[in-house]
$ cat entry-v1.csv   # CSV, C-alpha atoms (C1' of nucleotides)
chain,number,residue,atom,x,y,z
A,1,MET,CA,-30.4,-5.0,-38.5
A,2,THR,CA,-28.8,-6.7,-35.5
A,3,SER,CA,-30.3,-9.7,-33.9
A,4,THR,CA,-33.0,-9.0,-31.3
A,5,LYS,CA,-32.7,-12.4,-29.5
A,6,ARG,CA,-33.3,-12.1,-25.8
A,7,ASN,CA,-32.7,-14.5,-22.9
A,8,SER,CA,-35.2,-15.4,-20.2
A,9,ALA,CA,-34.6,-12.0,-18.5
A,10,ASN,CA,-35.2,-10.2,-21.9
A,11,ILE,CA,-31.6,-9.1,-22.1
A,12,LYS,CA,-29.1,-9.7,-24.8
A,13,PRO,CA,-27.3,-13.0,-24.1
A,14,GLY,CA,-23.6,-12.6,-23.1
A,15,ALA,CA,-23.9,-8.9,-22.4
A,16,LEU,CA,-21.9,-9.4,-19.2
A,17,TYR,CA,-18.8,-10.4,-21.1
A,18,GLY,CA,-18.4,-7.0,-22.8
A,19,MET,CA,-19.0,-4.9,-19.7
A,20,PRO,CA,-15.9,-3.0,-18.6
A,21,GLY,CA,-16.7,-3.7,-14.9
A,22,HIS,CA,-16.6,-7.4,-15.5
A,23,LEU,CA,-13.5,-7.2,-17.7
A,24,ILE,CA,-11.7,-5.1,-15.1
A,25,ARG,CA,-12.5,-7.8,-12.5
A,26,ARG,CA,-11.1,-10.5,-14.7
A,27,CYS,CA,-7.9,-8.5,-15.4
A,28,HIS,CA,-7.6,-7.9,-11.7
A,29,GLN,CA,-7.7,-11.6,-11.0
A,30,ILE,CA,-5.1,-12.2,-13.7
A,31,ALA,CA,-2.8,-9.5,-12.2
A,32,VAL,CA,-3.1,-11.1,-8.8
A,33,ALA,CA,-2.4,-14.6,-10.1
A,34,LEU,CA,0.7,-13.3,-11.9
A,35,PHE,CA,1.8,-11.6,-8.7
A,36,PHE,CA,1.6,-14.8,-6.8
A,37,GLU,CA,3.4,-16.7,-9.6
A,38,GLU,CA,6.3,-14.3,-9.7
A,39,CYS,CA,6.5,-13.2,-6.1
A,40,GLY,CA,4.9,-16.2,-4.2
A,41,ALA,CA,8.3,-17.3,-2.9
A,42,PHE,CA,8.6,-14.0,-1.0
A,43,GLU,CA,5.5,-14.7,1.0
A,44,ILE,CA,3.9,-11.4,0.2
A,45,THR,CA,0.6,-10.3,-1.3
A,46,PRO,CA,0.0,-7.4,-3.8
A,47,GLN,CA,-1.5,-5.2,-1.1
A,48,GLN,CA,1.4,-5.9,1.3
A,49,TYR,CA,3.8,-4.9,-1.5
A,50,ALA,CA,1.8,-1.7,-2.0
A,51,VAL,CA,2.2,-1.0,1.7
A,52,LEU,CA,5.9,-1.5,1.6
A,53,SER,CA,6.2,0.6,-1.5
A,54,VAL,CA,4.3,3.5,0.1
A,55,LEU,CA,6.3,3.3,3.3
A,56,ALA,CA,9.6,3.4,1.3
A,57,ASP,CA,8.6,6.9,0.3
A,58,ASN,CA,6.7,7.8,3.5
A,59,ASP,CA,8.1,5.9,6.4
A,60,GLY,CA,6.5,6.5,9.7
A,61,VAL,CA,3.1,7.8,8.6
A,62,ASP,CA,0.0,6.9,10.6
A,63,GLN,CA,-2.4,4.1,9.5
A,64,ILE,CA,-5.1,6.3,8.0
A,65,THR,CA,-2.5,8.2,5.9
A,66,LEU,CA,-1.0,4.9,4.9
A,67,ALA,CA,-4.4,3.6,3.8
A,68,GLY,CA,-4.9,6.7,1.7
A,69,LEU,CA,-1.5,6.5,0.1
A,70,ALA,CA,-2.1,2.8,-0.8
A,71,ALA,CA,-5.8,3.3,-1.7
A,72,LEU,CA,-6.8,0.8,1.0
A,73,ASN,CA,-9.8,0.9,3.2
A,74,ARG,CA,-8.8,2.0,6.7
A,75,THR,CA,-10.0,-1.3,8.3
A,76,THR,CA,-8.3,-3.4,5.7
A,77,ALA,CA,-5.1,-1.4,6.1
A,78,GLY,CA,-5.2,-2.1,9.8
A,79,GLU,CA,-5.5,-5.8,9.3
A,80,ILE,CA,-2.8,-5.9,6.7
A,81,VAL,CA,-0.5,-3.9,9.1
A,82,ASP,CA,-1.4,-6.5,11.8
A,83,ARG,CA,-0.2,-9.4,9.6
A,84,MET,CA,2.9,-7.6,8.5
A,85,VAL,CA,3.8,-6.7,12.1
A,86,SER,CA,3.5,-10.4,13.0
A,87,ALA,CA,5.7,-11.2,10.1
A,88,GLY,CA,8.3,-8.8,11.2
A,89,LEU,CA,7.9,-6.6,8.2
A,90,LEU,CA,6.5,-3.5,10.0
A,91,GLU,CA,6.7,-1.8,13.4
A,92,ARG,CA,3.8,0.0,14.9
A,93,ARG,CA,4.7,2.7,17.4
A,94,ASP,CA,2.7,5.0,19.6
A,95,ASN,CA,2.8,8.7,18.7
A,96,LEU,CA,3.7,10.7,21.8
A,97,LEU,CA,2.3,14.0,20.5
A,98,ASP,CA,-1.1,12.5,19.6
A,99,ARG,CA,-2.0,9.5,21.6
A,100,ARG,CA,-4.7,8.3,19.1
A,101,VAL,CA,-2.1,7.8,16.4
A,102,LYS,CA,0.1,4.8,15.6
A,103,ASN,CA,3.0,5.4,13.3
A,104,ILE,CA,4.1,2.6,11.0
A,105,PHE,CA,7.7,1.9,10.1
A,106,LEU,CA,9.6,-0.4,7.8
A,107,THR,CA,12.0,-2.8,9.4
A,108,LYS,CA,15.4,-3.9,8.1
A,109,PRO,CA,14.0,-7.2,6.7
A,110,SER,CA,11.2,-5.4,4.9
A,111,LEU,CA,13.6,-2.9,3.2
A,112,LYS,CA,15.6,-5.9,1.9
A,113,LEU,CA,12.5,-7.7,0.9
A,114,LEU,CA,11.2,-4.6,-1.0
A,115,SER,CA,14.4,-4.3,-3.0
A,116,ASP,CA,14.6,-8.1,-3.6
A,117,VAL,CA,11.0,-8.3,-4.8
A,118,HIS,CA,11.1,-5.3,-7.1
A,119,GLU,CA,12.3,-7.1,-10.2
A,120,ALA,CA,9.6,-9.7,-9.9
A,121,VAL,CA,6.9,-7.1,-9.6
A,122,VAL,CA,8.1,-5.4,-12.8
A,123,ARG,CA,7.9,-8.8,-14.5
A,124,VAL,CA,4.3,-9.1,-13.4
A,125,GLN,CA,3.5,-5.8,-15.2
A,126,HIS,CA,5.3,-7.0,-18.3
A,127,ARG,CA,3.5,-10.3,-18.4
A,128,LEU,CA,0.1,-8.7,-17.8
A,129,LEU,CA,0.5,-6.4,-20.8
A,130,GLN,CA,2.1,-9.0,-23.0
A,131,PRO,CA,-0.9,-9.3,-25.3
A,132,LEU,CA,-0.6,-5.6,-26.2
A,133,GLY,CA,1.8,-3.9,-28.6
A,134,SER,CA,4.1,-1.3,-27.1
A,135,ALA,CA,2.0,1.7,-28.2
A,136,GLU,CA,-1.1,0.0,-26.9
A,137,ARG,CA,0.5,-0.6,-23.6
A,138,GLU,CA,1.1,3.1,-23.1
A,139,THR,CA,-2.4,3.9,-24.3
A,140,PHE,CA,-3.8,1.3,-21.9
A,141,ILE,CA,-1.9,2.6,-18.9
A,142,GLU,CA,-2.9,6.1,-19.7
A,143,LEU,CA,-6.6,5.3,-20.0
A,144,LEU,CA,-6.5,3.3,-16.8
A,145,ALA,CA,-4.8,6.1,-15.0
A,146,ARG,CA,-7.4,8.6,-16.2
A,147,ILE,CA,-10.3,6.4,-15.1
A,148,ALA,CA,-8.7,5.9,-11.7
A,149,SER,CA,-7.8,9.5,-11.1
A,150,GLU,CA,-10.9,11.2,-12.5
A,151,ASN,CA,-13.2,8.8,-10.6
A,152,ASN,CA,-11.0,8.7,-7.5
A,153,GLU,CA,-13.5,10.4,-5.3
A,154,LEU,CA,-16.2,7.8,-6.3
A,155,SER,CA,-14.0,5.0,-4.8
A,156,ARG,CA,-14.7,3.8,-1.3
A,157,ALA,CA,-10.9,3.7,-0.7
A,158,PRO,CA,-9.7,6.7,-2.7
A,159,LEU,CA,-6.0,7.6,-3.1
A,160,ARG,CA,-5.1,10.4,-0.7
A,161,ALA,CA,-1.9,12.4,-0.5
A,162,VAL,CA,-0.1,13.0,2.8
A,163,PRO,CA,-1.9,15.8,4.7
A,164,LYS,CA,0.1,19.0,5.3
A,165,ARG,CA,0.6,18.9,9.0
A,166,GLN,CA,1.9,15.5,10.1
A,167,ARG,CA,3.1,15.4,13.7
A,168,LYS,CA,6.0,13.1,14.1
A,169,SER,CA,7.0,12.1,17.6
A,170,THR,CA,9.1,9.1,16.8
A,171,ALA,CA,12.2,8.6,14.8
A,172,ARG,CA,12.6,6.3,11.8
A,173,SER,CA,13.2,2.6,12.7
A,174,VAL,CA,15.7,2.0,10.0
A,175,GLU,CA,18.6,4.3,9.5
A,176,GLY,CA,18.7,5.6,6.0
A,177,GLY,CA,21.5,4.5,3.6
B,1,MET,CA,18.7,13.0,-18.3
B,2,THR,CA,16.0,11.9,-15.8
B,3,SER,CA,16.4,12.1,-12.1
B,4,THR,CA,18.1,9.2,-10.4
B,5,LYS,CA,16.6,9.8,-7.0
B,6,ARG,CA,15.9,6.7,-5.1
B,7,ASN,CA,14.0,6.0,-1.9
B,8,SER,CA,15.1,3.9,1.1
B,9,ALA,CA,14.6,0.7,-0.9
B,10,ASN,CA,16.7,2.1,-3.8
B,11,ILE,CA,13.6,2.2,-6.0
B,12,LYS,CA,12.1,5.2,-7.9
B,13,PRO,CA,9.6,6.9,-5.6
B,14,GLY,CA,6.0,6.5,-6.6
B,15,ALA,CA,6.7,3.7,-9.1
B,16,LEU,CA,3.6,1.9,-7.7
B,17,TYR,CA,1.2,4.5,-9.0
B,18,GLY,CA,2.0,3.9,-12.6
B,19,MET,CA,1.9,0.1,-12.5
B,20,PRO,CA,-1.0,-1.4,-14.4
B,21,GLY,CA,-1.6,-4.0,-11.6
B,22,HIS,CA,-2.2,-1.2,-9.1
B,23,LEU,CA,-4.3,0.9,-11.5
B,24,ILE,CA,-6.5,-2.1,-12.3
B,25,ARG,CA,-7.1,-2.7,-8.6
B,26,ARG,CA,-8.1,1.0,-8.2
B,27,CYS,CA,-10.4,0.8,-11.2
B,28,HIS,CA,-11.9,-2.3,-9.8
B,29,GLN,CA,-12.7,-0.6,-6.5
B,30,ILE,CA,-14.3,2.3,-8.4
B,31,ALA,CA,-16.4,-0.1,-10.5
B,32,VAL,CA,-17.6,-1.9,-7.3
B,33,ALA,CA,-18.4,1.4,-5.6
B,34,LEU,CA,-20.4,2.6,-8.6
B,35,PHE,CA,-22.2,-0.7,-8.7
B,36,PHE,CA,-23.3,-0.3,-5.1
B,37,GLU,CA,-24.3,3.3,-5.7
B,38,GLU,CA,-26.5,2.5,-8.6
B,39,CYS,CA,-27.7,-1.0,-7.6
B,40,GLY,CA,-27.5,-0.9,-3.8
B,41,ALA,CA,-31.3,-0.7,-3.5
B,42,PHE,CA,-31.6,-4.1,-5.1
B,43,GLU,CA,-29.6,-5.7,-2.4
B,44,ILE,CA,-27.3,-7.4,-4.8
B,45,THR,CA,-23.5,-7.5,-5.4
B,46,PRO,CA,-21.6,-7.4,-8.7
B,47,GLN,CA,-20.7,-11.1,-8.5
B,48,GLN,CA,-24.3,-12.0,-7.7
B,49,TYR,CA,-25.4,-10.0,-10.7
B,50,ALA,CA,-22.9,-11.9,-12.8
B,51,VAL,CA,-24.4,-15.2,-11.6
B,52,LEU,CA,-27.9,-14.1,-12.5
B,53,SER,CA,-26.7,-12.9,-15.8
B,54,VAL,CA,-24.9,-16.2,-16.6
B,55,LEU,CA,-27.9,-18.3,-15.5
B,56,ALA,CA,-30.3,-16.2,-17.7
B,57,ASP,CA,-28.4,-17.8,-20.6
B,58,ASN,CA,-27.6,-21.1,-19.0
B,59,ASP,CA,-30.3,-21.9,-16.4
B,60,GLY,CA,-29.7,-25.2,-14.6
B,61,VAL,CA,-26.0,-25.6,-15.0
B,62,ASP,CA,-24.0,-27.2,-12.2
B,63,GLN,CA,-21.9,-25.1,-9.8
B,64,ILE,CA,-18.5,-25.8,-11.4
B,65,THR,CA,-19.8,-24.8,-14.8
B,66,LEU,CA,-21.5,-21.7,-13.3
B,67,ALA,CA,-18.2,-20.8,-11.7
B,68,GLY,CA,-16.4,-21.1,-15.1
B,69,LEU,CA,-19.1,-19.0,-16.9
B,70,ALA,CA,-18.9,-16.2,-14.3
B,71,ALA,CA,-15.1,-16.4,-13.9
B,72,LEU,CA,-15.5,-17.2,-10.2
B,73,ASN,CA,-13.5,-19.6,-8.0
B,74,ARG,CA,-15.4,-22.8,-7.4
B,75,THR,CA,-15.5,-22.3,-3.6
B,76,THR,CA,-16.5,-18.6,-3.9
B,77,ALA,CA,-19.2,-19.6,-6.4
B,78,GLY,CA,-20.6,-22.1,-3.9
B,79,GLU,CA,-20.7,-19.5,-1.2
B,80,ILE,CA,-22.4,-16.9,-3.4
B,81,VAL,CA,-25.0,-19.5,-4.4
B,82,ASP,CA,-25.6,-20.3,-0.7
B,83,ARG,CA,-26.4,-16.6,0.0
B,84,MET,CA,-28.5,-16.3,-3.1
B,85,VAL,CA,-30.5,-19.5,-2.2
B,86,SER,CA,-31.1,-18.0,1.2
B,87,ALA,CA,-32.3,-14.8,-0.4
B,88,GLY,CA,-34.7,-16.8,-2.6
B,89,LEU,CA,-32.9,-15.8,-5.8
B,90,LEU,CA,-31.7,-19.3,-6.7
B,91,GLU,CA,-32.7,-22.9,-6.4
B,92,ARG,CA,-30.2,-25.7,-5.9
B,93,ARG,CA,-31.5,-29.1,-7.0
B,94,ASP,CA,-30.0,-32.6,-6.9
B,95,ASN,CA,-29.1,-34.1,-10.3
B,96,LEU,CA,-30.6,-37.5,-10.5
B,97,LEU,CA,-28.4,-38.8,-13.3
B,98,ASP,CA,-25.2,-37.7,-11.5
B,99,ARG,CA,-25.5,-37.6,-7.8
B,100,ARG,CA,-22.4,-35.5,-7.3
B,101,VAL,CA,-24.0,-32.6,-9.1
B,102,LYS,CA,-26.2,-29.8,-7.9
B,103,ASN,CA,-28.0,-27.9,-10.7
B,104,ILE,CA,-28.6,-24.2,-10.1
B,105,PHE,CA,-31.8,-22.5,-11.3
B,106,LEU,CA,-33.2,-19.0,-11.4
B,107,THR,CA,-36.4,-18.3,-9.5
B,108,LYS,CA,-39.3,-16.0,-10.5
B,109,PRO,CA,-38.1,-13.2,-8.2
B,110,SER,CA,-34.5,-13.4,-9.6
B,111,LEU,CA,-35.8,-13.1,-13.2
B,112,LYS,CA,-37.7,-10.0,-12.3
B,113,LEU,CA,-34.7,-8.6,-10.4
B,114,LEU,CA,-32.4,-9.2,-13.3
B,115,SER,CA,-34.5,-7.3,-15.7
B,116,ASP,CA,-35.2,-4.5,-13.2
B,117,VAL,CA,-31.5,-4.1,-12.3
B,118,HIS,CA,-30.2,-4.2,-15.9
B,119,GLU,CA,-30.6,-0.4,-16.6
B,120,ALA,CA,-28.7,0.4,-13.4
B,121,VAL,CA,-25.8,-1.9,-14.4
B,122,VAL,CA,-25.6,-0.2,-17.8
B,123,ARG,CA,-25.4,3.1,-16.0
B,124,VAL,CA,-22.5,1.8,-13.9
B,125,GLN,CA,-20.5,1.1,-17.1
B,126,HIS,CA,-21.3,4.5,-18.5
B,127,ARG,CA,-20.2,6.3,-15.4
B,128,LEU,CA,-17.0,4.2,-15.1
B,129,LEU,CA,-15.9,5.3,-18.6
B,130,GLN,CA,-17.1,8.8,-18.3
B,131,PRO,CA,-13.6,10.3,-18.2
B,132,LEU,CA,-12.9,8.8,-21.7
B,133,GLY,CA,-14.0,10.1,-25.1
B,134,SER,CA,-16.2,7.7,-27.1
B,135,ALA,CA,-13.4,6.4,-29.3
B,136,GLU,CA,-11.2,5.9,-26.2
B,137,ARG,CA,-14.0,3.9,-24.6
B,138,GLU,CA,-14.0,1.4,-27.4
B,139,THR,CA,-10.3,1.2,-27.4
B,140,PHE,CA,-10.2,0.7,-23.6
B,141,ILE,CA,-12.8,-2.1,-23.7
B,142,GLU,CA,-11.0,-3.8,-26.6
B,143,LEU,CA,-7.6,-3.7,-24.8
B,144,LEU,CA,-9.2,-4.9,-21.5
B,145,ALA,CA,-10.9,-7.8,-23.4
B,146,ARG,CA,-7.6,-8.8,-25.1
B,147,ILE,CA,-5.7,-8.8,-21.8
B,148,ALA,CA,-8.5,-10.8,-20.2
B,149,SER,CA,-8.8,-13.4,-23.0
B,150,GLU,CA,-5.2,-13.8,-23.9
B,151,ASN,CA,-4.2,-14.2,-20.3
B,152,ASN,CA,-7.3,-16.2,-19.4
B,153,GLU,CA,-5.4,-19.4,-18.6
B,154,LEU,CA,-3.1,-17.5,-16.2
B,155,SER,CA,-6.1,-16.6,-14.0
B,156,ARG,CA,-6.9,-18.7,-11.0
B,157,ALA,CA,-10.6,-18.4,-12.0
B,158,PRO,CA,-10.5,-18.5,-15.8
B,159,LEU,CA,-13.6,-18.0,-17.9
B,160,ARG,CA,-14.8,-21.4,-19.2
B,161,ALA,CA,-17.5,-22.3,-21.7
B,162,VAL,CA,-20.2,-24.8,-21.0
B,163,PRO,CA,-18.7,-28.3,-21.6
B,164,LYS,CA,-20.2,-30.3,-24.5
B,165,ARG,CA,-21.9,-33.1,-22.6
B,166,GLN,CA,-24.1,-31.7,-19.8
B,167,ARG,CA,-26.5,-34.2,-18.3
B,168,LYS,CA,-29.7,-32.5,-17.3
B,169,SER,CA,-32.0,-34.5,-15.0
B,170,THR,CA,-34.2,-31.7,-13.8
B,171,ALA,CA,-36.5,-29.3,-15.6
B,172,ARG,CA,-36.2,-25.5,-15.4
B,173,SER,CA,-37.7,-23.9,-12.4
B,174,VAL,CA,-39.2,-21.0,-14.2
B,175,GLU,CA,-41.4,-21.6,-17.1
B,176,GLY,CA,-39.9,-19.8,-20.1
B,177,GLY,CA,-41.8,-16.8,-21.6
C,1,DG,C1',-17.4,-56.8,-12.2
C,2,DT,C1',-13.3,-54.5,-10.0
C,3,DC,C1',-10.1,-50.8,-9.7
C,4,DG,C1',-7.5,-46.6,-10.6
C,5,DT,C1',-8.6,-42.0,-11.8
C,6,DA,C1',-11.3,-38.0,-12.5
C,7,DT,C1',-14.9,-34.9,-11.0
C,8,DC,C1',-18.6,-32.3,-8.0
C,9,DA,C1',-19.4,-30.2,-4.0
C,10,DT,C1',-18.0,-29.0,0.6
C,11,DC,C1',-15.0,-27.8,4.5
C,12,DA,C1',-11.3,-25.5,7.1
C,13,DG,C1',-8.1,-21.9,6.8
C,14,DT,C1',-6.2,-17.4,5.2
C,15,DG,C1',-6.4,-12.8,3.2
C,16,DT,C1',-8.8,-8.6,1.1
C,17,DA,C1',-12.7,-5.2,1.2
C,18,DC,C1',-16.0,-3.1,3.0
C,19,DT,C1',-20.0,-0.7,6.7
C,20,DG,C1',-21.3,1.0,11.0
C,21,DT,C1',-20.2,1.5,15.7
C,22,DC,C1',-17.4,2.6,19.7
C,23,DT,C1',-13.6,4.5,22.6
C,24,DA,C1',-10.0,7.5,23.4
C,25,DT,C1',-8.2,11.6,22.3
C,26,DA,C1',-7.4,16.1,20.1
C,27,DT,C1',-9.0,20.9,18.7
C,28,DG,C1',-11.4,25.2,18.1
C,29,DG,C1',-14.8,28.4,19.8
C,30,DT,C1',-16.6,30.5,23.7
D,1,DA,C1',-12.0,25.6,31.9
D,2,DC,C1',-15.9,23.8,28.9
D,3,DC,C1',-18.1,21.8,25.3
D,4,DA,C1',-19.3,20.5,20.4
D,5,DT,C1',-17.1,18.4,16.9
D,6,DA,C1',-13.7,15.8,14.6
D,7,DT,C1',-10.3,12.2,14.1
D,8,DA,C1',-7.4,7.6,14.8
D,9,DG,C1',-7.8,3.2,15.6
D,10,DA,C1',-10.2,-1.0,16.9
D,11,DC,C1',-14.1,-4.3,16.7
D,12,DA,C1',-18.2,-6.9,14.9
D,13,DG,C1',-20.3,-8.3,11.0
D,14,DT,C1',-20.8,-9.4,5.9
D,15,DA,C1',-19.0,-10.6,1.3
D,16,DC,C1',-15.5,-12.1,-2.1
D,17,DA,C1',-11.1,-14.8,-3.4
D,18,DC,C1',-8.4,-18.1,-3.0
D,19,DT,C1',-5.6,-23.2,-1.5
D,20,DG,C1',-5.5,-27.8,-0.1
D,21,DA,C1',-8.0,-31.6,1.6
D,22,DT,C1',-12.0,-34.8,1.8
D,23,DG,C1',-16.1,-37.6,0.7
D,24,DA,C1',-19.2,-39.2,-2.5
D,25,DT,C1',-19.8,-40.6,-6.9
D,26,DA,C1',-18.9,-41.6,-11.8
D,27,DC,C1',-16.2,-43.7,-15.6
D,28,DG,C1',-12.8,-46.0,-18.4
D,29,DA,C1',-9.5,-49.9,-18.6
D,30,DC,C1',-9.1,-54.3,-17.8
$ encode --input "entry-v1.csv" --output "structure tokens"
Amino acid sequence: MTSTKRNSANIKPGALYGMPGHLIRRCHQIAVALFFEECGAFEITPQQYAVLSVLADNDGVDQITLAGLAALNRTTAGEIVDRMVSAGLLERRDNLLDRRVKNIFLTKPSLKLLSDVHEAVVRVQHRLLQPLGSAERETFIELLARIASENNELSRAPLRAVPKRQRKSTARSVEGG
Amino acid sequence: MTSTKRNSANIKPGALYGMPGHLIRRCHQIAVALFFEECGAFEITPQQYAVLSVLADNDGVDQITLAGLAALNRTTAGEIVDRMVSAGLLERRDNLLDRRVKNIFLTKPSLKLLSDVHEAVVRVQHRLLQPLGSAERETFIELLARIASENNELSRAPLRAVPKRQRKSTARSVEGG
DNA sequence: GTCGTATCATCAGTGTACTGTCTATATGGT
DNA sequence: ACCATATAGACAGTACACTGATGATACGAC
């Protein structure tokens, strides 16, 4: 029979440390720390990288769509875009066909930044999974992906695809290669 | 051979979505959302729960030690303690043997809260892992724990045990059961 | 006993993550 | 044309997550 020791709240001592919620938070902190170690010189945050990455595939989407594609809260996304516009990494343009909408575009510097920073971001992922064997890494990613996708609608900032009808009034800011 | 399509930054489209760093962030958001769904009525946050949980096993530690035990940044921990003191959940007392130190204690209401909220927190963990089979759940927790512990020192808020010599000048605020 | 060094807590500053509310604008039904 | 409803984005407010600096205090070496 296992110990029935209890703490002052009548709960098993140290229960916190085995809870997936707590462990995920700690892993998140580690991932962020590694990101800053590897990418700090580029003056970019993990979320800002996500925004650049999403726009590389979907340049010119509106802010709400961008938030969905990067799994960011709409308000947070707006603030991040603010900072990135100030830093010259994004351009925010009025949509002439729907005057509520602002379309977000990459700039030349951000395209260069994105391709420069890519290697460092890949290193972050490697270092994060360093403690696991290669089969375990695949397993881990698959389990993470299943938890994220199956529980997606429970999130307060769920991942969302680009909606069907997107009205684009403005051209791209950076001419494609 | 796999497609060599590239986006405007010359990176594989959608690469972000398979990165463990991004997936961990999404899982974290889901865990937090579930916490508020299950525990929202208790007017408590996940980090505040962690603080209560840590103090149940280590009542009266100083703020820095508390931060270490809960894997919180020292400044963040101080702010969280502020809010919990205002809410009547904690007591902050001067240490008479080391006047730099403030010792943090649970209060009667927070002990009751902690035992009331425990079931809901357990439900959060169950719902979070719902998409996995029971063997997968154990695997997932084990892999998470290994990543967190092996990379612990890389974190900017690493988990820290209680240091050996802790000077206690003040008695517990809640008489033990 | 004095001094250099370490430590606890706090402060100012920045960035992320939300909720709820508001304004401006669009859209579909009549 | 008119109205109910919905949506995009902004704003205020709260909480967490840090960095770097500072003030008060403790401690070890001498």
$ atom_distance --input "entry-v1.csv" --atom1 "CA of Thr65 (chain A)" --atom2 "CA of Val81 (chain A)"
12.7 Å
$ atom_distance --input "entry-v1.csv" --atom1 "CA of Leu143 (chain B)" --atom2 "CA of Pro158 (chain B)"
17.6 Å
$ closest_atom_pairs --input "entry-v1.csv" --of "chain B" --to "chain A" --cutoff "8 Å" --atoms "all atoms listed in the file" --output "Markdown table"
| residue | atom | partner | partner_atom | distance |
| --- | --- | --- | --- | --- |
| B:Asn7 | CA | A:Asp57 | CA | 5.9 |
| B:Ser8 | CA | A:Ala56 | CA | 5.5 |
| B:Ala9 | CA | A:Ser115 | CA | 5.4 |
| B:Asn10 | CA | A:Ser115 | CA | 6.8 |
| B:Ile11 | CA | A:Ser115 | CA | 7.2 |
| B:Pro13 | CA | A:Asp57 | CA | 6.0 |
| B:Gly14 | CA | A:Asp57 | CA | 7.4 |
| B:Leu16 | CA | A:Ser53 | CA | 6.8 |
| B:Gly18 | CA | A:Ile141 | CA | 7.5 |
| B:Met19 | CA | A:Gln125 | CA | 6.7 |
| B:Pro20 | CA | A:Ile141 | CA | 6.1 |
| B:Gly21 | CA | A:Ala31 | CA | 5.7 |
| B:Leu23 | CA | A:Leu144 | CA | 6.2 |
| B:Ile24 | CA | A:His28 | CA | 5.9 |
| B:Arg25 | CA | A:His28 | CA | 6.1 |
| B:Arg26 | CA | A:Ala148 | CA | 6.1 |
| B:Cys27 | CA | A:Ala148 | CA | 5.4 |
| B:His28 | CA | A:Ile24 | CA | 6.0 |
| B:Gln29 | CA | A:Ser155 | CA | 6.0 |
| B:Ile30 | CA | A:Ser155 | CA | 4.5 |
| B:Ala31 | CA | A:Gly21 | CA | 5.7 |
| B:Val32 | CA | A:Gly21 | CA | 7.9 |
| B:Ala33 | CA | A:Ser155 | CA | 5.7 |
| B:Leu34 | CA | A:Leu154 | CA | 7.1 |
| B:Ala50 | CA | A:Leu16 | CA | 6.9 |
| B:Ser53 | CA | A:Leu16 | CA | 6.8 |
| B:Val54 | CA | A:Gly14 | CA | 7.5 |
| B:Ala56 | CA | A:Ser8 | CA | 5.6 |
| B:Asp57 | CA | A:Asn7 | CA | 5.9 |
| B:Ala71 | CA | A:Arg26 | CA | 7.2 |
| B:Leu111 | CA | A:Ala9 | CA | 5.5 |
| B:Lys112 | CA | A:Ala9 | CA | 7.2 |
| B:Leu114 | CA | A:Ala9 | CA | 6.3 |
| B:Ser115 | CA | A:Ala9 | CA | 5.5 |
| B:Gln125 | CA | A:Pro20 | CA | 6.3 |
| B:Leu128 | CA | A:Ile147 | CA | 7.1 |
| B:Leu129 | CA | A:Ile147 | CA | 6.7 |
| B:Gln130 | CA | A:Ile147 | CA | 7.9 |
| B:Pro131 | CA | A:Ile147 | CA | 6.0 |
| B:Leu132 | CA | A:Leu143 | CA | 7.4 |
| B:Glu136 | CA | A:Leu143 | CA | 7.7 |
| B:Phe140 | CA | A:Phe140 | CA | 6.6 |
| B:Ile141 | CA | A:Pro20 | CA | 6.0 |
| B:Leu143 | CA | A:Phe140 | CA | 6.9 |
| B:Leu144 | CA | A:Leu23 | CA | 6.2 |
| B:Ala145 | CA | A:Leu23 | CA | 6.3 |
| B:Arg146 | CA | A:Pro131 | CA | 6.7 |
| B:Ile147 | CA | A:Pro131 | CA | 6.0 |
| B:Ala148 | CA | A:Cys27 | CA | 5.4 |
| B:Glu150 | CA | A:Pro131 | CA | 6.4 |
| B:Asn151 | CA | A:Ile30 | CA | 7.0 |
| B:Asn152 | CA | A:Ile30 | CA | 7.3 |
| B:Leu154 | CA | A:Ile30 | CA | 6.2 |
| B:Ser155 | CA | A:Ile30 | CA | 4.5 |
| B:Arg156 | CA | A:Ala33 | CA | 6.2 |
| B:Ala157 | CA | A:Gln29 | CA | 7.5 |
| B:Gly176 | CA | A:Ser8 | CA | 6.4 |
| B:Gly177 | CA | A:Ser8 | CA | 6.9 |
$ residues_around --input "entry-v1.csv" --residues "region 8-25 of chain C" --least-positions-apart "4" --cutoff "6 Å" --atoms "only C-alpha atoms (C1' of nucleotides)" --output "PyMOL selection string"
(chain A and resi 100) or (chain B and resi 100-101)
$ closest_residue --input "entry-v1.csv" --among "B:Gly68, B:Pro109, B:Gly133, B:Gly78" --to "Ala161 (chain B)" --atoms "all atoms listed in the file"
B:Gly68
$ interface_residues --input "entry-v1.csv" --of "chain D" --to "chain A" --cutoff "12 Å" --atoms "only C-alpha atoms (C1' of nucleotides)" --output "VMD selection string"
chain D and resid 7 to 12 16 to 18
$ atom_distance --input "entry-v1.csv" --atom1 "CA of Arg160 (chain A)" --atom2 "CA of Phe105 (chain A)"
18.8 Å
$ decode --input "entry-v1.csv" --residues "region 117-127 of chain B" --atoms "C-alpha atoms" --output "tab-separated table (two decimals), in the first residue's frame"
chain	number	residue	atom	x	y	z
B	117	VAL	CA	-10.28	23.38	-5.63
B	118	HIS	CA	-8.22	20.20	-5.75
B	119	GLU	CA	-10.83	18.05	-7.49
B	120	ALA	CA	-11.37	20.66	-10.19
B	121	VAL	CA	-7.62	20.83	-10.85
B	122	VAL	CA	-7.50	17.06	-11.23
B	123	ARG	CA	-10.36	17.33	-13.75
B	124	VAL	CA	-8.32	19.87	-15.74
B	125	GLN	CA	-5.50	17.32	-16.12
B	126	HIS	CA	-7.92	14.59	-17.19
B	127	ARG	CA	-9.59	16.77	-19.82
